[in-house]
$ cat model_18.cif   # mmCIF, C-alpha atoms
data_query
loop_
_atom_site.label_atom_id
_atom_site.label_comp_id
_atom_site.auth_asym_id
_atom_site.auth_seq_id
_atom_site.Cartn_x
_atom_site.Cartn_y
_atom_site.Cartn_z
CA MET A 1 2.62 42.56 -28.57
CA HIS A 2 -0.18 40.41 -27.16
CA LEU A 3 -1.03 39.24 -30.67
CA ILE A 4 2.59 38.16 -31.22
CA ILE A 5 2.64 36.20 -27.95
CA ARG A 6 -0.60 34.44 -28.82
CA PHE A 7 0.71 33.63 -32.29
CA VAL A 8 3.93 32.08 -30.89
CA PHE A 9 1.94 30.13 -28.31
CA ALA A 10 -0.36 28.81 -31.04
CA LEU A 11 2.65 27.65 -33.06
CA LEU A 12 4.00 25.81 -30.04
CA LEU A 13 0.67 24.08 -29.52
CA LEU A 14 0.45 23.04 -33.15
CA SER A 15 3.99 21.65 -33.15
CA SER A 16 3.65 19.65 -29.92
CA GLY A 17 1.68 16.71 -31.31
CA ALA A 18 -1.18 15.00 -29.51
CA ALA A 19 -1.93 15.57 -25.86
CA TYR A 20 -2.00 12.57 -23.56
CA ALA A 21 -5.64 12.76 -22.41
CA LEU A 22 -7.14 9.45 -23.47
CA VAL A 23 -10.59 8.72 -24.88
CA PRO A 24 -11.78 5.15 -25.55
CA LEU A 25 -12.01 4.02 -29.14
CA THR A 26 -15.59 3.53 -30.38
CA THR A 27 -16.60 0.62 -32.57
CA GLY A 28 -20.04 0.34 -34.09
CA CYS A 29 -22.10 0.12 -37.25
CA ASN A 30 -22.40 3.84 -37.67
CA GLN A 31 -20.78 4.22 -41.07
CA PRO A 32 -22.76 5.86 -43.90
CA ASP A 33 -24.40 3.77 -46.59
CA PRO A 34 -21.56 2.79 -48.95
CA SER A 35 -23.94 2.86 -51.94
CA PRO A 36 -26.37 5.70 -51.43
CA GLY A 37 -29.05 6.42 -53.96
CA ASP A 38 -29.95 2.82 -54.86
CA TYR A 39 -33.01 2.97 -52.70
CA THR A 40 -35.05 5.71 -51.19
CA LEU A 41 -35.46 5.64 -47.43
CA SER A 42 -39.04 5.45 -46.33
CA PRO A 43 -40.44 7.99 -43.92
CA ALA A 44 -39.52 7.53 -40.28
CA SER A 45 -43.04 6.48 -39.43
CA CYS A 46 -42.65 3.37 -41.53
CA GLY A 47 -39.84 2.02 -39.37
CA THR A 48 -41.94 1.00 -36.39
CA GLY A 49 -45.59 0.90 -37.37
CA TYR A 50 -45.26 -1.73 -40.12
CA SER A 51 -47.77 0.29 -42.16
CA CYS A 52 -45.45 0.87 -45.07
CA SER A 53 -44.73 -1.66 -47.80
CA ARG A 54 -41.95 0.25 -49.51
CA GLU A 55 -38.38 -1.08 -49.42
CA GLN A 56 -35.88 0.88 -47.34
CA ARG A 57 -32.17 0.68 -46.61
CA ASP A 58 -31.04 -0.76 -43.26
CA MET A 59 -27.84 -1.73 -41.48
CA ARG A 60 -27.49 -4.37 -38.81
CA ALA A 61 -24.66 -5.87 -36.72
CA VAL A 62 -24.38 -9.57 -37.54
CA SER A 63 -21.54 -11.78 -36.15
CA GLY A 64 -19.24 -8.85 -35.56
CA GLN A 65 -19.86 -7.33 -38.99
CA CYS A 66 -21.99 -4.46 -40.22
CA VAL A 67 -24.42 -5.73 -42.87
CA TRP A 68 -26.16 -3.43 -45.32
CA GLY A 69 -29.31 -4.62 -47.04
CA THR A 70 -32.92 -3.94 -47.86
CA ARG A 71 -35.71 -4.07 -45.37
CA ASN A 72 -39.24 -4.83 -46.59
CA VAL A 73 -41.67 -3.75 -43.92
CA GLY A 74 -45.39 -4.31 -44.10
CA PRO A 75 -48.34 -5.58 -42.10
CA GLY A 76 -47.08 -8.66 -40.29
CA ARG A 77 -43.70 -8.76 -41.99
CA ASP A 78 -40.22 -7.35 -41.59
CA ILE A 79 -37.93 -8.93 -44.17
CA PHE A 80 -34.24 -8.00 -44.30
CA THR A 81 -32.23 -8.96 -47.39
CA ALA A 82 -28.46 -8.47 -47.11
CA THR A 83 -26.65 -6.88 -50.02
CA HIS A 84 -23.10 -6.23 -48.69
CA SER A 85 -21.19 -6.03 -45.40
CA TYR A 86 -18.02 -4.63 -43.87
CA VAL A 87 -15.99 -5.14 -40.69
CA PRO A 88 -16.37 -2.15 -38.36
CA GLN A 89 -13.16 -0.26 -37.65
CA PRO A 90 -12.46 1.55 -34.36
CA SER A 91 -12.86 5.26 -34.64
CA CYS A 92 -11.85 8.28 -32.57
CA PRO A 93 -14.02 11.27 -31.72
CA ALA A 94 -13.31 14.65 -33.20
CA ASN A 95 -10.07 16.42 -32.25
CA SER A 96 -8.30 13.18 -31.27
CA THR A 97 -5.80 10.74 -32.74
CA PRO A 98 -5.51 6.94 -32.29
CA SER A 99 -2.72 6.10 -29.84
CA GLY A 100 -1.97 2.68 -28.35
CA GLY A 101 -5.49 1.28 -28.62
CA GLN A 102 -7.10 4.50 -27.38
CA CYS A 103 -7.63 8.03 -28.62
CA ALA A 104 -5.34 10.86 -27.51
CA CYS A 105 -6.79 14.34 -27.56
CA ASN A 106 -4.93 16.69 -29.86
CA VAL A 107 -2.94 19.60 -28.49
CA SER A 108 -5.08 22.37 -26.96
CA TYR A 109 -7.92 19.85 -26.41
CA VAL A 110 -8.70 17.95 -23.22
CA GLU A 111 -10.89 14.95 -22.48
CA SER A 112 -14.28 15.63 -20.97
CA GLY A 113 -17.16 13.16 -21.00
CA GLY A 114 -15.53 10.94 -23.60
CA GLN A 115 -15.00 13.86 -26.01
CA CYS A 116 -12.03 16.11 -26.76
CA LEU A 117 -12.99 19.70 -26.02
CA ASP A 118 -11.14 22.96 -26.35
CA ALA A 119 -8.74 23.16 -23.41
CA ASN A 120 -9.61 26.67 -22.27
CA ALA A 121 -13.33 25.97 -22.52
CA ALA A 122 -12.93 22.69 -20.60
CA CYS A 123 -10.55 23.97 -17.90
CA ALA A 124 -12.29 27.21 -16.98
CA PRO A 125 -15.35 25.56 -15.37
CA LYS A 126 -13.07 23.46 -13.13
CA MET A 127 -11.40 26.47 -11.53
CA GLY A 128 -11.28 26.17 -7.75
CA GLN A 129 -12.30 22.50 -7.62
CA SER A 130 -10.38 20.32 -5.17
CA THR A 131 -9.00 17.00 -6.35
CA ILE A 132 -6.37 14.37 -5.61
CA VAL A 133 -3.61 13.60 -8.12
CA ASN A 134 -1.23 10.66 -7.98
CA PHE A 135 2.39 11.59 -8.69
CA THR A 136 4.91 8.93 -9.80
CA VAL A 137 8.18 9.33 -7.87
CA GLY A 138 10.08 6.49 -9.55
CA PHE A 139 10.66 2.75 -9.57
CA ALA A 140 12.71 1.01 -6.86
CA ARG A 141 14.26 -2.45 -7.05
CA THR A 142 12.65 -3.78 -3.86
CA PRO A 143 9.37 -3.34 -1.96
CA ASP A 144 11.31 -2.63 1.26
CA ALA A 145 9.98 0.27 3.30
CA ASN A 146 13.32 2.10 3.46
CA ASP A 147 14.40 1.61 -0.16
CA PHE A 148 14.16 4.97 -1.94
CA ASP A 149 16.86 4.29 -4.55
CA VAL A 150 15.23 4.30 -7.97
CA VAL A 151 16.32 3.13 -11.40
CA GLY A 152 16.85 6.05 -13.72
CA THR A 153 16.13 9.64 -12.76
CA PRO A 154 13.50 10.22 -10.04
CA ASN A 155 10.71 12.66 -10.84
CA GLN A 156 11.20 15.95 -9.04
CA PHE A 157 8.20 17.82 -7.68
CA PRO A 158 8.26 21.38 -9.10
CA ALA A 159 8.98 24.14 -6.62
CA SER A 160 5.97 26.08 -7.88
CA GLY A 161 3.67 23.12 -7.18
CA GLU A 162 2.06 23.56 -10.63
CA LEU A 163 1.44 20.39 -12.65
CA CYS A 164 -0.18 19.82 -16.03
CA HIS A 165 -2.89 17.19 -15.81
CA GLN A 166 -4.95 16.27 -18.87
CA GLY A 167 -4.33 19.67 -20.40
CA CYS A 168 -5.49 21.63 -17.33
CA LYS A 169 -3.14 23.22 -14.83
CA VAL A 170 -3.42 22.16 -11.19
CA GLY A 171 -1.65 23.42 -8.09
CA ALA A 172 -0.57 20.53 -5.86
CA SER A 173 0.91 20.41 -2.37
CA ILE A 174 3.60 17.91 -1.35
CA GLY A 175 3.35 18.75 2.35
CA GLY A 176 0.60 19.10 4.89
CA PRO A 177 -2.53 17.03 5.41
CA GLY A 178 -3.88 14.82 2.66
CA VAL A 179 -0.53 13.57 1.36
CA THR A 180 -0.19 9.78 1.15
CA ALA A 181 2.92 7.93 0.01
CA TRP A 182 2.46 4.59 -1.76
CA ARG A 183 4.81 1.69 -2.42
CA SER A 184 3.75 -1.12 -4.70
CA GLN A 185 4.27 -4.62 -3.31
CA THR A 186 4.05 -6.23 -6.76
CA PRO A 187 6.85 -5.69 -9.28
CA THR A 188 6.45 -4.87 -12.94
CA ALA A 189 7.60 -7.35 -15.57
CA GLN A 190 11.01 -5.66 -15.24
CA GLY A 191 11.22 -6.46 -11.50
CA LEU A 192 10.68 -2.84 -10.38
CA TYR A 193 8.37 -1.49 -7.68
CA ARG A 194 6.52 1.79 -8.25
CA LEU A 195 6.75 4.62 -5.71
CA SER A 196 4.05 7.30 -5.85
CA MET A 197 2.26 9.94 -3.78
CA ASP A 198 -1.33 11.14 -3.55
CA LEU A 199 -1.24 14.94 -3.46
CA PRO A 200 -4.12 17.31 -2.65
CA ALA A 201 -4.53 19.67 -5.60
CA LEU A 202 -6.65 22.59 -6.76
CA GLN A 203 -7.82 23.17 -10.34
CA LEU A 204 -6.42 26.49 -11.57
CA GLY A 205 -8.86 26.79 -14.47
CA THR A 206 -6.26 27.41 -17.18
CA ALA A 207 -5.04 25.23 -20.02
CA CYS A 208 -1.48 23.93 -20.21
CA THR A 209 0.67 22.06 -22.68
CA ALA A 210 1.46 18.50 -21.68
CA ASP A 211 5.21 18.06 -21.61
CA GLY A 212 7.72 15.57 -20.34
CA GLY A 213 8.35 17.53 -17.16
CA SER A 214 5.26 18.51 -15.22
CA SER A 215 2.85 16.07 -16.87
CA ALA A 216 4.91 12.87 -17.07
CA PRO A 217 4.60 11.90 -13.36
CA LEU A 218 0.79 12.13 -13.71
CA ARG A 219 0.44 10.03 -16.85
CA PRO A 220 -0.95 6.51 -16.39
CA ASP A 221 -0.05 5.54 -19.96
CA LEU A 222 3.71 5.99 -19.62
CA PRO A 223 5.63 2.69 -19.78
CA SER A 224 7.66 1.56 -16.81
CA PRO A 225 11.48 1.73 -17.08
CA ASN A 226 13.48 -1.31 -18.08
CA CYS A 227 15.71 -3.19 -15.66
CA PRO A 228 19.35 -2.30 -16.41
CA GLY A 229 20.44 -5.66 -14.98
CA PHE A 230 18.58 -8.93 -15.02
CA VAL A 231 15.14 -9.84 -13.68
CA GLY A 232 15.16 -12.73 -11.22
CA GLU A 233 14.65 -13.79 -7.62
CA VAL A 234 16.95 -13.64 -4.62
CA ASN A 235 15.75 -15.51 -1.53
CA GLY A 236 12.32 -15.79 -3.14
CA LYS A 237 11.99 -12.03 -3.70
CA PRO A 238 11.54 -10.99 -7.36
CA GLY A 239 13.38 -7.90 -8.45
CA CYS A 240 15.92 -6.24 -10.73
CA TYR A 241 19.44 -7.37 -9.84
CA GLY A 242 22.97 -6.81 -11.07
CA THR A 243 26.24 -8.68 -10.74
CA ALA A 244 29.53 -7.93 -9.04
CA ASN A 245 31.04 -6.95 -12.40
CA SER A 246 27.94 -5.11 -13.62
CA PRO A 247 25.98 -3.64 -10.70
CA VAL A 248 22.66 -1.86 -11.19
CA ASN A 249 23.14 1.89 -10.81
CA VAL A 250 20.43 3.62 -8.81
CA VAL A 251 19.72 7.24 -7.83
CA PRO A 252 18.38 8.19 -4.38
CA ALA A 253 14.97 9.85 -4.52
CA ASP A 254 13.71 12.38 -1.99
CA ARG A 255 12.01 10.73 0.95
CA PRO A 256 8.28 11.48 1.16
CA PRO A 257 7.02 13.57 4.09
CA VAL A 258 5.02 10.57 5.38
CA ALA A 259 5.83 6.88 5.71
CA PRO A 260 4.83 4.89 2.60
CA VAL A 261 2.03 2.34 2.77
CA ALA A 262 1.35 -0.61 0.50
CA GLY A 263 -0.56 0.26 -2.65
CA ASN A 264 -0.32 1.29 -6.29
CA PRO A 265 -2.96 3.82 -7.37
CA ALA A 266 -3.11 4.84 -11.02
CA ALA A 267 -1.14 7.96 -11.90
CA GLY A 268 -3.22 11.09 -12.45
CA GLN A 269 -6.48 12.30 -10.95
CA LYS A 270 -8.21 10.09 -8.41
CA PRO A 271 -11.35 8.53 -9.95
CA ALA A 272 -14.68 9.77 -8.71
CA SER A 273 -16.09 6.23 -8.72
CA GLY A 274 -15.11 2.65 -9.46
CA GLU A 275 -11.81 0.98 -8.80
CA GLY A 276 -9.22 3.19 -7.17
CA SER A 277 -11.79 5.70 -5.93
CA GLY A 278 -11.78 4.45 -2.32
CA THR A 279 -9.34 5.06 0.50
CA GLY A 280 -6.74 2.87 2.11
CA SER A 281 -4.41 0.45 0.38
CA ALA A 282 -7.03 -1.71 -1.31
CA GLY A 283 -9.43 1.16 -1.91
CA ARG A 284 -6.91 3.16 -3.93
CA THR A 285 -5.39 0.23 -5.81
CA PRO A 286 -7.12 -1.17 -8.92
CA THR A 287 -7.62 -4.94 -8.88
CA THR A 288 -5.97 -5.35 -12.28
CA GLY A 289 -2.74 -3.98 -13.68
CA ASN A 290 0.93 -4.83 -14.01
CA GLY A 291 2.42 -2.76 -11.20
CA GLY A 292 3.12 0.21 -13.48
CA ASN A 293 1.81 3.76 -13.80
CA ALA A 294 -1.71 2.55 -14.63
CA GLY A 295 -2.01 1.15 -11.08
CA GLY A 296 -2.76 -2.28 -9.66
CA PRO A 297 -2.85 -5.18 -9.34
CA ALA A 298 -4.67 -6.01 -6.09
CA SER A 299 -1.56 -7.74 -4.67
CA ALA A 300 0.30 -4.41 -4.88
CA ALA A 301 -1.70 -3.31 -1.83
CA VAL A 302 -0.84 -6.32 0.34
CA GLY A 303 2.20 -6.55 2.56
CA GLY A 304 3.12 -3.06 3.72
CA ALA A 305 1.82 -0.65 6.31
CA GLY A 306 -1.60 0.92 5.95
CA GLY A 307 -4.65 -1.04 4.90
CA GLY A 308 -8.35 -0.57 4.55
CA ALA A 309 -10.64 -2.14 1.98
CA GLY A 310 -11.83 -0.34 -1.12
CA GLY A 311 -14.05 2.60 -0.32
CA THR A 312 -13.30 2.56 3.39
CA ALA A 313 -10.99 4.60 5.49
CA ALA A 314 -7.52 3.24 6.09
CA SER A 315 -6.86 2.14 9.64
CA GLY A 316 -3.83 3.53 11.39
CA ALA A 317 -2.62 0.09 12.44
CA GLY A 318 -3.15 -1.48 9.05
CA THR A 319 -4.32 -4.96 8.20
CA LYS A 320 -3.11 -7.79 6.09
CA PRO A 321 -4.88 -10.96 4.94
CA THR A 322 -4.07 -14.33 6.40
CA GLU A 323 -4.22 -17.73 4.76
CA ASP A 324 -7.87 -18.22 5.72
CA GLY A 325 -8.85 -14.90 4.15
CA LYS A 326 -9.38 -13.07 7.45
CA GLU A 327 -7.54 -9.94 8.38
CA GLN A 328 -5.20 -9.38 11.26
CA VAL A 329 -3.44 -6.32 12.64
CA ALA A 330 -0.12 -5.81 10.91
CA CYS A 331 3.18 -5.80 12.73
CA GLY A 332 4.38 -2.55 14.25
CA ALA A 333 0.91 -1.53 15.46
CA PRO A 334 0.34 -0.70 19.14
CA GLY A 335 0.48 -3.89 21.17
CA GLN A 336 1.80 -5.90 18.21
CA PRO A 337 5.30 -7.31 17.66
CA LYS A 338 7.73 -5.13 15.79
CA CYS A 339 8.17 -5.67 12.06
CA ALA A 340 11.11 -7.79 10.99
CA ILE A 341 12.36 -9.33 7.76
CA ASP A 342 12.14 -13.10 7.60
CA GLU A 343 15.68 -14.16 6.82
CA SER A 344 14.93 -17.88 6.70
CA GLY A 345 17.08 -19.53 4.10
CA THR A 346 19.47 -16.61 3.83
CA PRO A 347 23.04 -17.97 3.76
CA LYS A 348 25.28 -16.75 6.55
CA GLY A 349 27.93 -14.34 5.46
CA LYS A 350 31.64 -15.16 5.91
CA GLU A 351 32.91 -13.75 9.20
CA ASP A 352 35.41 -10.93 8.82
CA THR A 353 38.52 -11.99 10.78
CA ALA A 354 40.91 -9.33 9.46
CA VAL A 355 41.13 -7.46 12.77
CA ALA A 356 41.52 -10.64 14.83
CA ASP A 357 44.25 -11.93 12.48
CA ALA A 358 46.17 -8.67 12.77
CA GLN A 359 45.94 -8.67 16.57
CA LYS A 360 47.14 -12.26 16.67
CA ALA A 361 50.13 -11.45 14.46
CA ILE A 362 51.38 -8.55 16.63
CA LYS A 363 50.63 -10.18 20.01
CA PRO A 364 54.26 -11.46 20.57
CA LEU A 365 55.60 -7.96 19.95
CA ASP A 366 53.01 -6.49 22.26
CA ASP A 367 53.88 -8.99 24.98
CA PHE A 368 57.62 -8.21 24.59
CA VAL A 369 56.95 -4.48 25.04
CA LYS A 370 54.91 -5.14 28.17
CA ASN A 371 57.45 -7.59 29.77
CA PRO A 372 60.85 -7.81 28.01
CA THR A 373 62.41 -10.08 30.68
CA SER A 374 59.89 -12.78 29.93
CA PHE A 375 61.61 -13.35 26.55
CA LEU A 376 65.17 -13.96 28.00
CA PRO A 377 66.36 -17.58 27.74
CA THR A 378 66.25 -19.75 30.85
CA PHE A 379 69.76 -20.88 31.82
CA PRO A 380 70.39 -24.09 33.78
CA THR A 381 71.31 -23.73 37.46
CA ILE A 382 75.02 -24.51 38.01
CA ASN A 383 76.32 -25.24 41.53
CA TRP A 384 79.86 -23.92 41.72
CA ALA A 385 80.34 -24.94 45.38
CA PHE A 386 82.76 -27.87 45.97
CA THR A 387 82.25 -29.60 49.31
CA LEU A 388 84.81 -32.00 50.71
CA PRO A 389 83.80 -34.80 53.05
CA THR A 390 83.73 -33.73 56.66
CA GLY A 391 83.35 -37.11 58.39
CA CYS A 392 86.07 -39.75 58.67
CA SER A 393 86.26 -43.33 59.99
CA PRO A 394 88.84 -46.19 59.62
CA ILE A 395 88.52 -48.42 56.57
CA ALA A 396 87.69 -52.01 57.60
CA LEU A 397 89.82 -54.81 55.97
CA THR A 398 87.89 -57.97 56.80
CA ALA A 399 89.78 -59.99 54.21
CA PHE A 400 92.98 -59.63 56.17
CA ASP A 401 91.44 -60.24 59.56
CA PRO A 402 92.86 -61.02 62.09
CA TRP A 403 96.27 -59.84 60.95
CA LEU A 404 95.11 -56.50 59.63
CA GLN A 405 91.71 -55.38 60.71
CA SER A 406 91.58 -51.75 59.42
CA ILE A 407 93.50 -48.78 58.00
CA ASP A 408 93.02 -45.39 59.61
CA ILE A 409 93.76 -42.44 57.24
CA CYS A 410 91.84 -39.88 59.28
CA GLU A 411 95.04 -38.33 60.49
CA TRP A 412 95.87 -37.36 56.87
CA LEU A 413 92.36 -35.96 56.11
CA PRO A 414 93.39 -32.25 56.35
CA MET A 415 96.18 -32.88 53.84
CA PHE A 416 93.71 -34.50 51.40
CA HIS A 417 91.39 -31.50 51.82
CA ASP A 418 94.10 -29.08 50.89
CA LEU A 419 95.27 -31.21 47.95
CA MET A 420 91.77 -31.63 46.44
CA SER A 421 91.01 -27.91 46.89
CA PHE A 422 94.22 -27.08 45.05
CA ILE A 423 93.40 -29.50 42.22
CA TRP A 424 89.82 -28.08 41.89
CA VAL A 425 91.00 -24.48 41.82
CA MET A 426 93.82 -25.13 39.37
CA GLY A 427 91.49 -27.14 37.09
CA GLY A 428 89.06 -24.23 36.97
CA ILE A 429 91.82 -21.71 36.24
CA PHE A 430 93.36 -23.77 33.43
CA GLY A 431 89.89 -24.49 31.98
CA ALA A 432 89.06 -20.76 31.89
CA ILE A 433 92.47 -19.91 30.35
CA GLY A 434 92.00 -22.59 27.69
CA THR A 435 88.56 -21.38 26.76
CA PHE A 436 89.74 -17.77 26.55
CA TRP A 437 92.77 -18.79 24.45
CA ARG A 438 90.72 -20.79 21.95
CA ASN A 439 88.19 -18.01 21.43
CA THR A 440 90.68 -15.12 21.30
CA PHE A 441 94.21 -15.90 20.18
CA SER A 442 93.64 -18.98 18.08
CA GLN A 443 91.19 -17.42 15.52
CA GLY A 444 93.89 -16.96 12.92
#
$ encode --input "model_18.cif" --output "structure tokens"
Amino acid sequence: MHLIIRFVFALLLLSSGAAYALVPLTTGCNQPDPSPGDYTLSPASCGTGYSCSREQRDMRAVSGQCVWGTRNVGPGRDIFTATHSYVPQPSCPANSTPSGGQCACNVSYVESGGQCLDANAACAPKMGQSTIVNFTVGFARTPDANDFDVVGTPNQFPASGELCHQGCKVGASIGGPGVTAWRSQTPTAQGLYRLSMDLPALQLGTACTADGGSSAPLRPDLPSPNCPGFVGEVNGKPGCYGTANSPVNVVPADRPPVAPVAGNPAAGQKPASGEGSGTGSAGRTPTTGNGGNAGGPASAAVGGAGGGAGGTAASGAGTKPTEDGKEQVACGAPGQPKCAIDESGTPKGKEDTAVADAQKAIKPLDDFVKNPTSFLPTFPTINWAFTLPTGCSPIALTAFDPWLQSIDICEWLPMFHDLMSFIWVMGGIFGAIGTFWRNTFSQG
């Protein structure tokens, strides 16, 4: 049974192609003599002591080419005569295959010291060693601290915590001390900002098969995703943007257990020395790069929380460079102003007046419900009282003076009162009857 399992596992390894562990290509004049047998090589002692006069074969690098020729060495002379040349071709070490300008170790082999060694033999000595691995979470459209919506599918951390890194299995922890979340402040050519995490890990000492699941988030050679919209700038901020008719679809990624800081370390194991081997934003970010999985550039570590130069511990407050090259405490630190987005130049949005317009439209109805009498028409004030004169005096007739000086009608005043009252009452009665008649009996 064990033999069958091993046989099936071997078939899977052979059918999986090359592993992703990378080894640099080597270029040099180390090819064998293309025309052996023409000359006999002199003893090794003749190469340095100039005590031999026999001709011997030699190869030299001249102007980027490998030149074969004859070398005549003797007392006081070292004459090289070229016979033919060739352009050196990059070559890969054993158990590896050229891939993208580098050499990828074949399946069941892992990189160690620039060579591709048997995975089990290479992984076993590492068992129990502590390390730091950088895990790619995904690519967001902005460098904003609270933007965890990524383009495409975010990488999920396995529940087991086991990852395959360069052909060796490691057990990583996404919680607890030692975890650092990073957010690149420089976009890729596709306008996307890489989100990653440094995770404390332990070498498990066993080989594993690199696959698209557990190994992909640790691979620095994986290309960044393409922008599903268009790459441009909005308010001076480069990014990946959509339109109203064709928005960019994003997927929310899990928030890291700690607040992200500015930086873009290379995916995979933290280097033991050189760029990216330090601590803090600048210390973990390579100075070169395009903002992708390979880490960098230096500007990816400028602008967010965190800080610290390469190789030094990150300060809790964080620093950022100023125009004169000095550093100052970043916003949000104790005693410093709170962080805020500079919205200078941002056009003001159109005010939403829908609620106010609706309230204005129903205000007359609301007022009527509250006070119905205020909507009744205002009638003119009519004085129905008829007042007859109460005073009386003789009427003077100066034109007929002295024969007739005045006429006194005061004695008939009560009769005039009664007559005018009768006329007023009868006029009102007949007016009311006429109005009623016209509006009732004369409609036909």
$ closest_residue --input "model_18.cif" --among "A:Ser246, A:Asn293, A:Thr206, A:Thr136" --to "Asn120 of chain A" --atoms "all atoms listed in the file"
A:Thr206
$ resolve_selection --input "model_18.cif" --expression "the PyMOL selection byres ((chain A and resi 163) around 9)" --output "ChimeraX atom specification"
/A:157-158,160-162,164-165,168-172,208,213-215,218
$ atom_distance --input "model_18.cif" --atom1 "atom CA of Gly239 of chain A" --atom2 "atom CA of Gly191 of chain A"
4.0 Å
$ atom_distance --input "model_18.cif" --atom1 "atom CA of Ser196 of chain A" --atom2 "atom CA of Tyr241 of chain A"
21.6 Å
$ closest_residue --input "model_18.cif" --among "A:Glu233, A:Glu275, A:Glu351, A:Asp198" --to "Val261 of chain A" --atoms "only C-alpha atoms"
A:Asp198
$ atom_distance --input "model_18.cif" --atom1 "atom CA of Val258 of chain A" --atom2 "atom CA of Leu199 of chain A"
11.7 Å
$ resolve_selection --input "model_18.cif" --expression "the PyMOL selection byres ((chain A and resi 292) around 12)" --output "JSON, numbers by chain"
{"A": [136, 137, 138, 139, 140, 183, 184, 185, 186, 187, 188, 189, 190, 191, 192, 193, 194, 195, 196, 217, 219, 220, 221, 222, 223, 224, 225, 226, 263, 264, 265, 266, 267, 285, 286, 288, 289, 290, 291, 293, 294, 295, 296, 297, 300]}
$ closest_residue --input "model_18.cif" --among "A:Gly176, A:Pro377, A:Gly427, A:Pro372" --to "Pro256 of chain A" --atoms "only C-alpha atoms"
A:Gly176
$ closest_residue --input "model_18.cif" --among "A:Pro347, A:Gly431, A:Gly113, A:Pro75" --to "Val234 of chain A" --atoms "all atoms listed in the file"
A:Pro347
$ build_atoms --input "model_18.cif" --residues "segment 292-304 of chain A" --atoms "N, CA and C atoms" --output "CSV table (one decimal), keeping the file's coordinate frame"
chain,number,residue,atom,x,y,z
A,292,GLY,N,2.6,-1.0,-12.9
A,292,GLY,CA,3.1,0.2,-13.5
A,292,GLY,C,2.3,1.5,-13.2
A,293,ASN,N,2.4,2.5,-14.0
A,293,ASN,CA,1.8,3.8,-13.8
A,293,ASN,C,0.3,3.7,-13.9
A,294,ALA,N,-0.3,2.7,-14.5
A,294,ALA,CA,-1.7,2.6,-14.6
A,294,ALA,C,-2.3,2.0,-13.4
A,295,GLY,N,-1.5,1.6,-12.4
A,295,GLY,CA,-2.0,1.2,-11.1
A,295,GLY,C,-2.2,-0.3,-11.1
A,296,GLY,N,-2.5,-0.9,-9.8
A,296,GLY,CA,-2.8,-2.3,-9.7
A,296,GLY,C,-1.5,-3.1,-9.7
A,297,PRO,N,-1.6,-4.4,-9.6
A,297,PRO,CA,-2.8,-5.2,-9.3
A,297,PRO,C,-3.2,-5.2,-7.9
A,298,ALA,N,-4.2,-6.0,-7.5
A,298,ALA,CA,-4.7,-6.0,-6.1
A,298,ALA,C,-3.5,-6.4,-5.1
A,299,SER,N,-2.6,-7.3,-5.6
A,299,SER,CA,-1.6,-7.7,-4.7
A,299,SER,C,-0.6,-6.6,-4.4
A,300,ALA,N,-0.6,-5.5,-5.1
A,300,ALA,CA,0.3,-4.4,-4.9
A,300,ALA,C,0.0,-3.7,-3.6
A,301,ALA,N,-1.3,-4.0,-3.1
A,301,ALA,CA,-1.7,-3.3,-1.8
A,301,ALA,C,-1.6,-4.2,-0.6
A,302,VAL,N,-0.9,-5.4,-0.8
A,302,VAL,CA,-0.8,-6.3,0.3
A,302,VAL,C,0.6,-6.5,0.8
A,303,GLY,N,0.9,-6.3,2.1
A,303,GLY,CA,2.2,-6.6,2.6
A,303,GLY,C,2.9,-5.4,3.3
A,304,GLY,N,2.5,-4.2,3.1
A,304,GLY,CA,3.1,-3.1,3.7
A,304,GLY,C,2.3,-2.5,4.8
